[in-house]
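Structure, as structure tokens:
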Amino acid sequence: MAKRDYYEVLGLKRNASDADLKGAFRKLAKDCHPDHNPEDKSAEQRFKEINEAYETLKDPQKRAAYDQFGHAAFEGGRGPGGPGGFGPDFASSMSDIFDDLFGEFMGGRRGSPRGRSTRERGADLRYNMEISLADAYTGKNAEIVVPTSVACETCSGTGSKPGTKPMTCPTCAGHGKVRASQGFFTIERTCPACQGRGEVIQDPCGDCSGSGRITKERKLAVNIPAGVEDGTRIRLAGEGESGLRGGPAGDLYIFLSIHPHEFFQRDGADIFCKVPIAMITAALGGQIDVPTVDGSITRVKVPEGTETGKQFRLRGKGMPVLRSKVTGDMYIQVEVETPKNLTKRQRELLEEFENESHKETSPHSAGFFTRVKEFFEGKG
């Protein structure tokens, strides 16, 4: 039976690039592999045919010869790879392909050679910290106590009893991986004896039981910059959990939350404050003293006829922007307070005021009720 054209086998045109060749081979090798098609007796033959075509066309010299003479260029053998199409380059090419296709299960991530590092990085830690709005405004230096794992001083973090040292794992010979052949494949997995470290401890340290670290409380100084917001995260590199058997420490992440303030509400760099004012001050105008986030008092002028909801902007009286020279603003929103618990004389004065009032005195209410009256008269 005549051989099929190699380009036809791979489903490519003759001007296909090297990348096209490799991509087509990867896909076909995966789809036609005998282990993926156990009930298809022809799968093995197709797999050999695909490999033979790829072995020829991936080599520039062999491809040039094939393009010029076709299969006749390789007469005298059963293809470029020798009998059955499995040549000396088959193992290396298949290793590359199956590393990509099947990852670590197929050995795509090889174990490190003997003498591999057994040092493992420590875990990252989280610390929740609450601060006041004033602290967020000025910044502060704080001290925190963190329970964490630190390197064992007795064994210097090695996990072995002083005077001894870990030995090479006899199960994996220090590679951290063990392999088992299963038909066409070689399966690689983490060594169960050393958990992938490549070393085992015969005489563990009595203080840390071989882990190389112990639990201990540490005091740390934390610099909180001015302008931090609720949810800000501060990273302290190397202040997390100590690494296993002398490995590098993880990091400590401090998550800040800002305690609600009694008077101020924050929106980014701006501060908002609701201030109640007397009806007389709102009507006649005057001045009020309001607190600011920096702890000082600022005098605000209230114009005549001020209504509830009126806002006054104090430039530069808000929060500083983190790591910037920019400062937000403060907004004072007034609420006009209705008089209560009136004396007899106060009531008389208000009644006199009402008698002297006219539409211009309360234009909004007068206008509203006029429109209501016109509305119902129109419907009638």
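Ordered as shown in the structure tokens, chains take letters A, B, and onward, while each chain numbers its residues from 1 and ligands are numbered from 1 in the order shown.
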Please identify the helix (DSSP H, G or I) residues within range 127-376 of chain A (assignment by DSSP from backbone atoms) and present them as an mmCIF file with C-alpha atoms, in the first residue's frame.
data_model
loop_
_atom_site.group_PDB
_atom_site.id
_atom_site.type_symbol
_atom_site.label_atom_id
_atom_site.label_comp_id
_atom_site.auth_asym_id
_atom_site.auth_seq_id
_atom_site.Cartn_x
_atom_site.Cartn_y
_atom_site.Cartn_z
ATOM 1 C CA LEU A 133 -10.049 58.935 61.799
ATOM 2 C CA ALA A 134 -7.597 61.261 63.554
ATOM 3 C CA ASP A 135 -4.862 58.618 63.193
ATOM 4 C CA ALA A 136 -5.707 58.264 59.516
ATOM 5 C CA TYR A 137 -5.399 62.062 59.180
ATOM 6 C CA THR A 138 -2.030 62.464 60.899
ATOM 7 C CA MET A 279 -33.864 79.184 63.337
ATOM 8 C CA ILE A 280 -32.976 82.765 64.259
ATOM 9 C CA THR A 281 -29.402 82.331 62.995
ATOM 10 C CA ALA A 282 -30.685 80.847 59.752
ATOM 11 C CA ALA A 283 -33.194 83.677 59.288
ATOM 12 C CA LEU A 284 -31.082 86.646 60.346
ATOM 13 C CA LYS A 344 -45.425 82.051 76.850
ATOM 14 C CA ARG A 345 -43.588 85.203 75.767
ATOM 15 C CA GLN A 346 -41.751 83.335 72.981
ATOM 16 C CA ARG A 347 -45.044 81.985 71.711
ATOM 17 C CA GLU A 348 -46.538 85.474 71.721
ATOM 18 C CA LEU A 349 -43.593 86.822 69.764
ATOM 19 C CA LEU A 350 -43.863 84.064 67.170
ATOM 20 C CA GLU A 351 -47.583 84.685 66.814
ATOM 21 C CA GLU A 352 -46.869 88.381 66.243
ATOM 22 C CA PHE A 353 -44.255 87.371 63.689
ATOM 23 C CA GLU A 354 -46.774 85.150 61.920
ATOM 24 C CA ASN A 355 -49.324 87.972 61.825
ATOM 25 C CA GLU A 356 -46.763 90.255 60.244
ATOM 26 C CA PRO A 363 -41.922 82.143 49.466
ATOM 27 C CA HIS A 364 -41.574 78.387 49.058
ATOM 28 C CA SER A 365 -44.453 77.364 51.318
ATOM 29 C CA ALA A 366 -46.661 80.181 50.045
ATOM 30 C CA GLY A 367 -45.962 79.215 46.457
ATOM 31 C CA PHE A 368 -46.608 75.541 47.156
ATOM 32 C CA PHE A 369 -50.008 76.023 48.743
ATOM 33 C CA THR A 370 -51.018 78.475 46.005
ATOM 34 C CA ARG A 371 -50.264 75.834 43.379
ATOM 35 C CA VAL A 372 -52.171 73.202 45.397
ATOM 36 C CA LYS A 373 -55.225 75.474 45.539
ATOM 37 C CA GLU A 374 -55.096 76.182 41.816
ATOM 38 C CA PHE A 375 -54.733 72.476 41.106
ATOM 39 C CA PHE A 376 -57.868 71.434 42.976
#
Can you check which parts of range 311-359 of chain A lie within 12 Å of range 212-232 of chain A? Per residue, the shortest pair of atoms and distance in Å to one decimal, counting only C-alpha atoms, sorted by chain and number, as a tab-separated table.
residue	atom	partner	partner_atom	distance
A:Gly318	CA	A:Gly227	CA	10.1
A:Met319	CA	A:Gly227	CA	6.2
A:Pro320	CA	A:Gly227	CA	4.9
A:Val321	CA	A:Gly227	CA	5.0
A:Leu322	CA	A:Gly227	CA	4.4
A:Arg323	CA	A:Gly227	CA	7.5
A:Ser324	CA	A:Gly227	CA	8.7
A:Lys325	CA	A:Gly227	CA	10.2
A:Val326	CA	A:Gly227	CA	10.0
A:Thr327	CA	A:Gly227	CA	9.0
A:Gly328	CA	A:Gly227	CA	10.1
